[in-house]
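Novice: Have a peek at target28.cif (mmCIF, C-alpha atoms).
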```
data_structure
#
loop_
_atom_site.label_atom_id
_atom_site.label_comp_id
_atom_site.auth_asym_id
_atom_site.auth_seq_id
_atom_site.Cartn_x
_atom_site.Cartn_y
_atom_site.Cartn_z
CA MET A 1 16.81 -10.18 146.15
CA ALA A 2 17.55 -6.61 145.18
CA THR A 3 20.34 -5.11 147.26
CA ASP A 4 19.30 -1.49 147.00
CA ASN A 5 15.66 -1.67 148.00
CA ILE A 6 14.00 -0.23 151.09
CA PHE A 7 13.33 -3.56 152.80
CA SER A 8 16.23 -5.58 151.41
CA GLY A 9 17.35 -7.88 154.22
CA LEU A 10 14.02 -7.63 156.08
CA LYS A 11 12.80 -11.10 157.00
CA VAL A 12 9.08 -11.77 157.09
CA VAL A 13 7.20 -14.92 158.10
CA ASP A 14 3.68 -14.90 156.70
CA LEU A 15 1.51 -17.29 158.70
CA SER A 16 -1.71 -15.70 157.49
CA SER A 17 -4.23 -16.96 154.95
CA PHE A 18 -6.61 -15.61 152.32
CA ILE A 19 -6.02 -11.93 151.41
CA ALA A 20 -5.49 -9.17 153.97
CA GLY A 21 -2.53 -10.59 155.90
CA PRO A 22 -0.81 -11.99 152.81
CA GLY A 23 -1.47 -8.68 151.04
CA ALA A 24 0.49 -6.78 153.69
CA ALA A 25 3.38 -9.20 153.16
CA VAL A 26 3.19 -8.61 149.40
CA ILE A 27 3.71 -4.88 149.87
CA LEU A 28 6.80 -5.59 151.97
CA SER A 29 8.05 -7.98 149.28
CA ASP A 30 7.50 -5.35 146.60
CA PHE A 31 10.18 -3.30 148.33
CA GLY A 32 12.64 -6.15 148.78
CA ALA A 33 11.64 -8.10 151.89
CA ASP A 34 12.32 -11.85 151.99
CA VAL A 35 8.90 -13.34 152.74
CA ILE A 36 8.40 -16.96 153.76
CA LYS A 37 4.82 -18.15 153.43
CA VAL A 38 4.02 -20.88 155.98
CA GLU A 39 1.11 -23.05 154.88
CA PRO A 40 -0.67 -26.09 156.31
CA PRO A 41 -0.12 -29.39 154.46
CA ARG A 42 -3.20 -28.79 152.29
CA GLY A 43 -2.20 -25.20 151.59
CA ASP A 44 -3.79 -21.82 152.07
CA PRO A 45 -7.45 -22.18 150.93
CA TRP A 46 -6.97 -19.08 148.75
CA ARG A 47 -4.93 -21.25 146.37
CA HIS A 48 -8.31 -22.40 145.10
CA GLY A 49 -10.10 -19.04 145.15
CA HIS A 50 -10.28 -18.95 141.35
CA LYS A 51 -12.58 -21.97 141.52
CA THR A 52 -14.93 -20.52 144.15
CA PRO A 53 -18.34 -20.05 142.45
CA ILE A 54 -18.84 -16.42 143.52
CA GLN A 55 -15.46 -15.43 142.04
CA PRO A 56 -14.66 -14.93 138.34
CA GLN A 57 -13.85 -18.44 137.13
CA SER A 58 -10.51 -19.29 135.56
CA ASP A 59 -8.06 -22.12 135.04
CA GLU A 60 -5.39 -19.65 136.17
CA ALA A 61 -4.83 -19.16 139.92
CA TYR A 62 -4.93 -15.40 139.41
CA GLN A 63 -5.91 -14.60 143.00
CA TRP A 64 -3.13 -16.70 144.47
CA HIS A 65 -0.43 -14.97 142.46
CA LEU A 66 -1.84 -11.55 143.34
CA ALA A 67 -1.75 -12.19 147.09
CA ASN A 68 1.46 -14.22 147.26
CA ARG A 69 3.86 -13.14 144.55
CA ASN A 70 7.56 -12.90 145.40
CA LYS A 71 7.25 -15.24 148.38
CA ARG A 72 8.78 -18.58 149.29
CA SER A 73 6.52 -21.35 150.60
CA ILE A 74 7.09 -23.98 153.23
CA ALA A 75 4.45 -26.50 154.26
CA LEU A 76 4.26 -27.10 157.99
CA ASP A 77 1.68 -28.90 160.13
CA LEU A 78 1.59 -26.72 163.23
CA LYS A 79 -0.46 -29.38 165.04
CA SER A 80 2.43 -31.82 164.79
CA PRO A 81 4.69 -31.97 167.89
CA GLY A 82 7.76 -31.67 165.68
CA ALA A 83 6.59 -28.39 164.16
CA GLY A 84 7.46 -26.43 167.27
CA GLN A 85 11.19 -26.43 166.62
CA VAL A 86 10.64 -25.20 163.06
CA LEU A 87 8.30 -22.45 164.24
CA ARG A 88 10.82 -21.35 166.84
CA GLU A 89 13.63 -21.09 164.32
CA LEU A 90 11.40 -19.16 161.94
CA VAL A 91 10.51 -16.67 164.68
CA VAL A 92 14.16 -16.28 165.69
CA TRP A 93 15.02 -15.63 162.02
CA ALA A 94 12.17 -13.17 161.42
CA ASP A 95 11.86 -9.44 161.77
CA VAL A 96 8.11 -9.59 161.16
CA LEU A 97 5.54 -12.30 161.87
CA ILE A 98 2.08 -11.91 160.32
CA VAL A 99 -0.73 -13.96 161.89
CA ASN A 100 -4.49 -14.11 161.33
CA THR A 101 -5.21 -17.46 162.97
CA PRO A 102 -8.17 -17.12 165.38
CA HIS A 103 -6.91 -16.41 168.89
CA VAL A 104 -8.53 -19.54 170.32
CA ALA A 105 -6.48 -21.65 167.91
CA ARG A 106 -3.38 -19.51 168.49
CA LYS A 107 -3.45 -20.35 172.17
CA ARG A 108 -3.58 -24.07 171.39
CA LEU A 109 -0.72 -23.75 168.92
CA GLY A 110 1.45 -21.52 171.10
CA LEU A 111 1.23 -18.69 168.59
CA GLU A 112 0.18 -15.83 170.83
CA TYR A 113 2.53 -12.88 171.16
CA GLU A 114 3.67 -13.83 174.63
CA ASP A 115 4.53 -17.30 173.34
CA VAL A 116 6.80 -16.19 170.51
CA ALA A 117 8.18 -12.86 171.74
CA GLN A 118 10.34 -14.68 174.31
CA TRP A 119 12.30 -16.15 171.39
CA ASN A 120 12.87 -12.82 169.62
CA GLY A 121 12.64 -9.56 171.55
CA GLY A 122 12.88 -7.46 168.40
CA LEU A 123 10.02 -9.21 166.63
CA ILE A 124 7.23 -7.21 165.01
CA TYR A 125 4.14 -9.34 165.66
CA ALA A 126 1.40 -8.27 163.24
CA ASP A 127 -2.02 -9.48 164.33
CA LEU A 128 -5.10 -9.39 162.10
CA THR A 129 -8.61 -10.23 163.29
CA GLY A 130 -12.13 -9.89 161.96
CA PHE A 131 -13.71 -7.93 164.80
CA GLY A 132 -10.84 -6.90 167.06
CA GLU A 133 -9.11 -8.59 169.96
CA LYS A 134 -11.68 -7.69 172.61
CA GLY A 135 -15.42 -7.49 173.00
CA PRO A 136 -18.29 -10.01 172.81
CA ASP A 137 -17.64 -10.91 169.17
CA ALA A 138 -13.85 -11.05 169.28
CA ASN A 139 -13.83 -14.77 168.47
CA LEU A 140 -16.34 -14.67 165.63
CA PRO A 141 -14.97 -15.64 162.23
CA GLY A 142 -14.91 -12.75 159.79
CA PHE A 143 -14.39 -12.06 156.11
CA ASP A 144 -14.23 -8.62 154.57
CA ILE A 145 -17.85 -8.92 153.41
CA THR A 146 -19.10 -9.50 156.97
CA SER A 147 -16.62 -7.52 159.08
CA TYR A 148 -15.35 -4.73 156.83
CA TRP A 149 -18.49 -4.13 154.80
CA ALA A 150 -21.57 -5.21 156.75
CA ARG A 151 -20.65 -4.63 160.38
CA SER A 152 -18.87 -1.30 159.77
CA GLY A 153 -21.89 0.42 158.23
CA LEU A 154 -20.39 0.62 154.73
CA LEU A 155 -22.83 -1.85 153.20
CA SER A 156 -25.81 0.11 154.51
CA LEU A 157 -24.56 3.21 152.69
CA THR A 158 -23.57 1.84 149.29
CA HIS A 159 -26.92 1.24 147.63
CA ASP A 160 -29.69 3.40 146.27
CA ALA A 161 -32.93 4.20 148.04
CA GLY A 162 -35.36 1.29 147.99
CA ALA A 163 -32.73 -1.25 146.99
CA PRO A 164 -31.43 -3.90 149.40
CA PRO A 165 -27.76 -4.05 150.34
CA THR A 166 -25.81 -5.67 147.53
CA TRP A 167 -22.79 -7.96 147.47
CA PRO A 168 -19.62 -5.85 147.39
CA VAL A 169 -16.52 -6.53 145.33
CA SER A 170 -14.84 -9.54 146.89
CA GLY A 171 -11.49 -8.78 148.49
CA SER A 172 -11.92 -5.00 148.36
CA GLY A 173 -12.05 -4.66 152.14
CA ASP A 174 -9.26 -7.19 152.53
CA ASN A 175 -6.91 -5.25 150.28
CA ALA A 176 -7.70 -1.96 152.02
CA THR A 177 -6.98 -3.72 155.31
CA ALA A 178 -3.71 -5.06 153.91
CA VAL A 179 -2.52 -1.49 153.46
CA GLY A 180 -3.54 -0.72 157.03
CA LEU A 181 -1.68 -3.73 158.41
CA TYR A 182 1.37 -2.83 156.33
CA SER A 183 1.24 0.67 157.82
CA ALA A 184 1.16 -0.79 161.32
CA ILE A 185 4.16 -2.98 160.55
CA VAL A 186 6.17 -0.09 159.11
CA THR A 187 5.27 2.08 162.10
CA ALA A 188 6.59 -0.65 164.41
CA LEU A 189 9.75 -1.03 162.33
CA TYR A 190 10.39 2.70 162.67
CA ARG A 191 9.90 2.43 166.43
CA ARG A 192 12.36 -0.46 166.53
CA GLU A 193 14.90 1.64 164.65
CA ARG A 194 14.61 4.29 167.38
CA THR A 195 14.32 2.07 170.46
CA GLY A 196 15.50 -1.41 169.52
CA GLN A 197 12.22 -2.82 170.81
CA GLY A 198 9.87 -5.17 169.04
CA SER A 199 6.13 -4.51 168.96
CA TYR A 200 2.76 -6.19 168.92
CA VAL A 201 0.68 -4.36 166.29
CA THR A 202 -2.85 -5.14 165.30
CA THR A 203 -5.80 -4.09 163.20
CA SER A 204 -9.08 -5.68 162.22
CA LEU A 205 -11.37 -5.80 159.22
CA LEU A 206 -13.98 -4.05 161.36
CA ALA A 207 -11.63 -1.22 162.36
CA GLU A 208 -10.55 -0.69 158.77
CA GLY A 209 -14.17 -0.72 157.59
CA VAL A 210 -15.18 1.85 160.19
CA TRP A 211 -12.19 3.98 159.16
CA SER A 212 -13.33 3.79 155.52
CA ALA A 213 -16.85 4.78 156.59
CA SER A 214 -15.54 7.27 159.15
CA VAL A 215 -17.12 10.39 157.63
CA SER A 216 -20.57 8.86 158.15
CA ILE A 217 -19.69 7.17 161.45
CA GLN A 218 -18.31 10.46 162.79
CA ALA A 219 -21.53 12.13 161.66
CA ALA A 220 -23.48 9.58 163.72
CA LEU A 221 -21.23 10.26 166.71
CA ALA A 222 -22.01 13.96 166.33
CA GLY A 223 -25.75 13.34 166.10
CA ALA A 224 -25.91 14.70 162.56
CA LYS A 225 -29.08 14.50 160.49
CA PHE A 226 -28.54 12.13 157.59
CA PRO A 227 -30.02 12.90 154.15
CA PRO A 228 -32.24 10.33 152.43
CA MET A 229 -30.53 7.46 150.66
CA HIS A 230 -29.34 8.39 147.20
CA ASP A 231 -31.95 8.15 144.47
CA ARG A 232 -30.59 8.88 141.01
CA LYS A 233 -33.89 10.21 139.70
CA HIS A 234 -34.58 12.24 142.85
CA PRO A 235 -31.11 13.35 143.93
CA THR A 236 -30.30 15.82 146.65
CA ASN A 237 -28.19 17.61 144.04
CA ALA A 238 -28.55 16.98 140.30
CA SER A 239 -25.05 18.37 139.82
CA MET A 240 -23.66 15.46 141.86
CA ASN A 241 -25.22 12.45 140.25
CA VAL A 242 -24.74 9.51 137.90
CA TYR A 243 -25.64 9.91 134.22
CA ARG A 244 -25.51 7.84 131.04
CA ALA A 245 -23.99 8.80 127.72
CA ALA A 246 -25.37 7.81 124.32
CA ASP A 247 -23.06 4.78 124.05
CA GLY A 248 -24.35 3.36 127.33
CA THR A 249 -21.43 4.50 129.48
CA TRP A 250 -22.42 5.59 132.96
CA PHE A 251 -20.41 8.36 134.57
CA VAL A 252 -20.27 10.14 137.90
CA LEU A 253 -20.47 13.92 137.59
CA ILE A 254 -19.58 16.46 140.28
CA VAL A 255 -20.18 20.07 139.23
CA THR A 256 -19.08 22.53 141.91
CA PRO A 257 -20.86 25.92 142.02
CA ASP A 258 -17.90 27.72 140.49
CA LYS A 259 -18.06 25.45 137.43
CA LEU A 260 -21.84 25.46 136.93
CA ALA A 261 -22.04 28.37 134.47
CA ALA A 262 -19.27 26.94 132.30
CA VAL A 263 -20.84 23.47 132.28
CA VAL A 264 -24.37 24.53 131.30
CA GLY A 265 -22.85 26.72 128.60
CA ALA A 266 -20.74 23.86 127.27
CA ILE A 267 -23.69 21.48 127.13
CA GLY A 268 -25.76 24.05 125.25
CA ARG A 269 -28.18 24.88 128.06
CA PRO A 270 -27.19 28.32 129.42
CA ASP A 271 -30.91 28.96 129.89
CA LEU A 272 -30.82 26.79 133.00
CA LEU A 273 -29.12 29.64 134.87
CA THR A 274 -32.16 31.90 134.38
CA ASP A 275 -34.90 29.25 134.46
CA PRO A 276 -36.98 30.18 137.56
CA ARG A 277 -37.26 26.50 138.51
CA PHE A 278 -33.51 26.36 139.04
CA SER A 279 -32.28 29.94 139.50
CA ASP A 280 -34.04 30.38 142.84
CA PRO A 281 -32.39 28.24 145.56
CA LYS A 282 -35.71 27.34 147.19
CA GLN A 283 -37.23 26.32 143.85
CA LEU A 284 -34.10 24.44 142.87
CA ALA A 285 -34.27 22.16 145.90
CA SER A 286 -37.74 20.96 144.96
CA ASN A 287 -37.03 20.76 141.23
CA MET A 288 -33.96 18.51 141.31
CA PRO A 289 -35.89 15.63 139.64
CA GLN A 290 -36.82 17.93 136.74
CA LEU A 291 -33.21 19.10 136.38
CA THR A 292 -32.11 15.48 136.39
CA VAL A 293 -34.48 14.71 133.52
CA ILE A 294 -32.97 17.58 131.52
CA PHE A 295 -29.43 16.38 132.22
CA ASP A 296 -30.44 12.84 131.27
CA GLU A 297 -31.67 14.05 127.89
CA VAL A 298 -28.59 16.17 127.24
CA PHE A 299 -26.01 13.61 128.30
CA GLY A 300 -27.87 10.79 126.58
CA ALA A 301 -27.53 12.55 123.23
CA MET A 302 -23.74 12.25 122.88
CA LYS A 303 -21.17 9.50 123.41
CA MET A 304 -18.84 9.39 126.38
CA ALA A 305 -15.82 10.45 124.33
CA HIS A 306 -17.56 13.77 123.70
CA TRP A 307 -18.39 14.34 127.37
CA HIS A 308 -14.87 13.29 128.41
CA SER A 309 -13.51 16.04 126.20
CA VAL A 310 -16.01 18.60 127.49
CA PHE A 311 -15.48 17.88 131.17
CA ALA A 312 -11.71 17.56 130.90
CA GLY A 313 -11.58 20.86 129.01
CA LEU A 314 -13.47 22.60 131.81
CA ASP A 315 -11.47 20.91 134.58
CA VAL A 316 -14.69 19.39 135.92
CA THR A 317 -14.54 16.35 138.20
CA PHE A 318 -16.05 13.26 136.61
CA GLY A 319 -15.45 9.54 136.48
CA GLU A 320 -16.45 7.01 133.85
CA VAL A 321 -17.89 3.82 135.34
CA ARG A 322 -15.86 0.97 133.91
CA GLY A 323 -15.94 -2.79 134.32
CA PRO A 324 -12.82 -4.84 135.05
CA GLN A 325 -12.41 -5.78 131.39
CA GLU A 326 -12.27 -2.07 130.50
CA VAL A 327 -10.10 -1.05 133.44
CA ILE A 328 -7.22 -3.29 132.38
CA SER A 329 -6.84 -1.38 129.11
CA ASP A 330 -6.85 2.04 130.78
CA PRO A 331 -3.56 3.73 129.79
CA GLN A 332 -3.34 5.31 133.25
CA LEU A 333 -2.60 1.90 134.77
CA ALA A 334 0.52 1.13 132.77
CA ALA A 335 1.72 4.74 132.85
CA ASN A 336 1.62 4.82 136.64
CA GLY A 337 2.94 1.33 137.36
CA ILE A 338 -0.42 0.07 138.61
CA VAL A 339 -0.31 -2.99 136.35
CA VAL A 340 3.12 -4.57 135.97
CA PRO A 341 4.59 -7.68 134.30
CA LEU A 342 4.39 -10.97 136.21
CA ASP A 343 7.15 -13.47 135.60
CA GLY A 344 6.80 -17.23 135.67
CA ALA A 345 3.10 -17.77 136.39
CA GLY A 346 2.44 -19.24 132.97
CA GLY A 347 -0.70 -19.30 130.88
CA LYS A 348 -2.45 -15.99 130.50
CA LEU A 349 -1.01 -14.63 133.76
CA THR A 350 1.59 -12.32 132.29
CA SER A 351 0.77 -9.24 134.37
CA THR A 352 -0.43 -8.38 137.86
CA ILE A 353 -1.48 -5.44 140.00
CA SER A 354 1.23 -3.67 141.94
CA SER A 355 0.70 -2.46 145.49
CA PRO A 356 -0.62 1.13 145.61
CA ILE A 357 2.52 2.71 147.08
CA GLN A 358 5.30 4.29 145.05
CA VAL A 359 8.55 5.79 146.32
CA HIS A 360 10.23 8.04 143.80
CA GLY A 361 13.73 6.91 143.00
CA VAL A 362 13.06 3.35 144.25
CA ALA A 363 12.12 0.61 141.80
CA LYS A 364 9.99 -2.16 143.19
CA VAL A 365 11.15 -5.76 142.98
CA PRO A 366 9.96 -7.24 139.67
CA ALA A 367 6.88 -9.36 140.30
CA ARG A 368 7.43 -13.09 140.01
CA ARG A 369 4.96 -15.93 140.42
CA ALA A 370 3.63 -17.09 143.76
CA PRO A 371 5.18 -20.33 145.04
CA ASP A 372 3.87 -23.83 144.73
CA LEU A 373 2.80 -25.41 147.99
CA GLY A 374 5.89 -26.24 150.04
CA GLU A 375 8.15 -25.45 147.12
CA HIS A 376 10.91 -24.03 149.34
CA THR A 377 10.49 -26.19 152.44
CA GLU A 378 13.86 -27.89 152.32
CA GLU A 379 15.62 -24.76 151.10
CA VAL A 380 14.30 -22.70 154.01
CA LEU A 381 14.92 -25.39 156.62
CA SER A 382 18.50 -25.73 155.43
CA GLU A 383 18.96 -21.95 155.70
CA LEU A 384 17.63 -22.14 159.25
CA GLY A 385 20.33 -24.66 160.11
CA PHE A 386 18.41 -27.94 160.04
CA GLU A 387 20.56 -30.93 159.08
CA ARG A 388 19.37 -33.39 156.45
CA SER A 389 18.71 -36.05 159.08
CA VAL A 390 16.50 -33.66 161.05
CA ILE A 391 14.59 -32.65 157.92
CA ASP A 392 14.01 -36.31 157.15
CA SER A 393 12.72 -36.93 160.67
CA LEU A 394 10.39 -33.95 160.39
CA ARG A 395 9.04 -35.46 157.20
CA THR A 396 8.65 -38.87 158.79
CA SER A 397 6.77 -37.39 161.76
CA GLY A 398 4.43 -35.45 159.49
CA ALA A 399 5.55 -32.02 160.66
CA ILE A 400 6.41 -31.30 157.04
CA PRO A 401 4.52 -33.24 154.37
CA GLY A 402 5.99 -35.70 151.93
CA GLU A 403 5.82 -35.26 148.19
CA LEU A 404 3.67 -32.31 147.17
CA GLY A 405 2.07 -31.85 143.79
CA ARG A 406 1.98 -28.59 141.92
CA ALA A 407 -0.71 -26.38 143.42
CA ALA A 408 -3.26 -24.70 141.20
#
```
Using structure tokens, write down the structure from this file.
Specialist:
Amino acid sequence: MATDNIFSGLKVVDLSSFIAGPGAAVILSDFGADVIKVEPPRGDPWRHGHKTPIQPQSDEAYQWHLANRNKRSIALDLKSPGAGQVLRELVVWADVLIVNTPHVARKRLGLEYEDVAQWNGGLIYADLTGFGEKGPDANLPGFDITSYWARSGLLSLTHDAGAPPTWPVSGSGDNATAVGLYSAIVTALYRRERTGQGSYVTTSLLAEGVWSASVSIQAALAGAKFPPMHDRKHPTNASMNVYRAADGTWFVLIVTPDKLAAVVGAIGRPDLLTDPRFSDPKQLASNMPQLTVIFDEVFGAMKMAHWHSVFAGLDVTFGEVRGPQEVISDPQLAANGIVVPLDGAGGKLTSTISSPIQVHGVAKVPARRAPDLGEHTEEVLSELGFERSVIDSLRTSGAIPGELGRAA
């Protein structure tokens, strides 16, 4: 572990599964935290996410390494009577405990805050749920697609008029929530620095989704009148729309009023400023479809490289719509440390995506592969003070599994 990083010496036990909870632990590990991933004997189901049909298919466990790099793994059957002593020692060791086990199961396993806080008064207990701790649906299972996207209102807002809600990018809500959970943990750590007290912090996929959709949700709270759903051919404002260049590249264009004269001049249509259909505000509102047709013809005549140069030269806000295969070659990613080398994963997994937080003057821990299932079980137990005979008895009882194959 690096000795000069922000969280060097911070001890984290990651009991969570899938993406959001583990993602918060990854951010801590990026800045030097020692993270122990506790998995059931069959492993976190996300180890096999790269084989899930709805996900991009690969022989490489790309999702697993993204959500669990720089961690150590122990395999522990929390349902086994012997697991309790291991859990207790882990909690005593830890500064932070991350849990997303459903609360009904937590109660059975003795994993609620009141169960573990008695062992470590300075513990930061980070709780993640789908729909929040309270309310009629508190115990419903939730993924980001159901809790973050659908229930929050986001999914109702991210499609064009007449089109049904579509399937969002898998994990996008989870990773946004990971940043939120990380923020809660860091807030609690700051409080502990000031008071010496541990904390129970929590967030949910629903809360994070509502926060992401908060401009629209706040509008609903204020009784605001919502405009019609976006229709590219009949936009509310043709200067804030999606267009297609001659090479097939779609781009989002936002032309603010102060840039309009420069833009229509640069695209060779200064006449639009004096055209009565568009120069009169009342006429303009009803002629947005006609203006969109004109813009479609103009932008469809030249390739994206041309329009990139034009818009960048005018300091106009625009964004080229790119697929994942194009994004990875974007020079902005490497220049800003968004994509970084990944050590030890093997195969084609030679790079990964860094967490979206940078601290000037602080280098993140170099990314190394995620652990195999239970790879560090004996190492961690020994560090916690368990004698060889006790480790053997834990294995015999089934609290920790026997031989484990390499996870993929």
Novice: A:Phe226: which residues within 12 Å, counting only C-alpha atoms, same-chain residues fewer than 3 positions away excluded, as a list in words?
Specialist: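 Returned residues: Leu157, Val215, Ser216, Ile217, Gln218, Ala219, Ala220, Leu221, Ala222, Gly223, Met229, His230 and Thr236 of chain A.
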Novice: Which residue, A:Asp231, A:His306, A:Gly23, A:His376, has the smallest gap to A:Thr158 when you use all atoms listed in the file?
Specialist: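 Ranked by minimum distance to A:Thr158, first place goes to A:Asp231.
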Novice: Write out as CSV a residue-level contact list of stretch 115-234 of chain A versus stretch 42-58 of chain A with cut-off 12 Å: for each qualifying residue the closest pair of atoms and the distance in Å to one decimal, counting all atoms listed in the file, rows sorted by chain and residue number upward.
Specialist:
```
residue,atom,partner,partner_atom,distance
A:Trp167,CA,A:Ile54,CA,10.1
A:Pro168,CA,A:Ile54,CA,11.3
A:Val169,CA,A:Gln55,CA,9.5
A:Ser170,CA,A:Gln55,CA,7.7
A:Gly171,CA,A:Gln55,CA,10.1
```
Novice: Would you mind reading off the distance between atom CA of A:Asn175 and atom CA of A:Ser147, one decimal, in Å?
Specialist: 13.3 Å
Novice: Please measure the separation of atom CA of A:Val293 and atom CA of A:Phe311, giving the value in Å to one decimal.
Specialist: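 Atom-to-atom, atom CA of A:Val293 and atom CA of A:Phe311 are spaced 19.4 Å apart.
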Novice: Measuring between only C-alpha atoms, which one of A:Leu381, A:Ala305, A:Val201, A:Val252 shows the shortest distance to A:Asp127?
Specialist: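 Looking only at the distances to A:Asp127, the closest residue turns out to be A:Val201.
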Novice: Could you name the residues that touch A:Gly173 at 12 Å or less, counting only C-alpha atoms, but leaving out those on the same chain fewer than 2 positions away, as a PyMOL selection string?
Specialist: chain A and resi 19-21+23+130+142-152+154-155+168-171+175-180+204-213
Novice: Model the absent atoms of stretch 123-129 of chain A so that all heavy atoms are present, and write the result as a CSV table (one decimal), in the frame of the given file.
Specialist:
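Resulting contents of result_10.csv:
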```csv
chain,number,residue,atom,x,y,z
A,123,LEU,N,11.0,-8.8,167.6
A,123,LEU,CA,10.0,-9.2,166.6
A,123,LEU,C,8.9,-8.2,166.5
A,123,LEU,O,8.4,-7.7,167.5
A,123,LEU,CB,9.4,-10.6,167.0
A,123,LEU,CG,8.4,-11.2,166.1
A,123,LEU,CD1,9.1,-11.7,164.8
A,123,LEU,CD2,7.7,-12.4,166.8
A,124,ILE,N,8.5,-7.9,165.3
A,124,ILE,CA,7.2,-7.2,165.0
A,124,ILE,C,6.1,-8.3,164.8
A,124,ILE,O,6.2,-9.0,163.8
A,124,ILE,CB,7.3,-6.3,163.8
A,124,ILE,CG1,8.6,-5.4,163.9
A,124,ILE,CG2,6.1,-5.5,163.6
A,124,ILE,CD1,8.6,-4.5,165.1
A,125,TYR,N,5.2,-8.4,165.7
A,125,TYR,CA,4.1,-9.3,165.7
A,125,TYR,C,2.9,-8.6,165.1
A,125,TYR,O,2.3,-7.8,165.8
A,125,TYR,CB,3.9,-9.9,167.1
A,125,TYR,CG,2.9,-11.0,167.2
A,125,TYR,CD1,3.2,-12.3,167.1
A,125,TYR,CD2,1.5,-10.7,167.4
A,125,TYR,CE1,2.3,-13.3,167.3
A,125,TYR,CE2,0.6,-11.6,167.6
A,125,TYR,CZ,0.9,-13.0,167.6
A,125,TYR,OH,0.0,-14.0,167.7
A,126,ALA,N,2.5,-9.0,163.9
A,126,ALA,CA,1.4,-8.3,163.2
A,126,ALA,C,0.2,-9.2,163.3
A,126,ALA,O,0.1,-10.2,162.7
A,126,ALA,CB,1.8,-7.9,161.8
A,127,ASP,N,-0.8,-8.7,164.0
A,127,ASP,CA,-2.0,-9.5,164.3
A,127,ASP,C,-3.2,-8.9,163.6
A,127,ASP,O,-3.5,-7.7,163.6
A,127,ASP,CB,-2.3,-9.4,165.8
A,127,ASP,CG,-3.6,-9.9,166.3
A,127,ASP,OD1,-4.1,-10.9,165.6
A,127,ASP,OD2,-4.2,-9.4,167.2
A,128,LEU,N,-3.9,-9.8,162.8
A,128,LEU,CA,-5.1,-9.4,162.1
A,128,LEU,C,-6.3,-10.2,162.5
A,128,LEU,O,-6.2,-11.4,162.6
A,128,LEU,CB,-4.9,-9.6,160.6
A,128,LEU,CG,-6.1,-9.2,159.7
A,128,LEU,CD1,-6.4,-7.8,159.8
A,128,LEU,CD2,-5.8,-9.7,158.3
A,129,THR,N,-7.4,-9.5,162.9
A,129,THR,CA,-8.6,-10.2,163.3
A,129,THR,C,-9.8,-9.7,162.5
A,129,THR,O,-9.7,-8.7,161.8
A,129,THR,CB,-8.9,-10.0,164.8
A,129,THR,OG1,-9.1,-8.6,165.0
A,129,THR,CG2,-7.7,-10.5,165.6
```
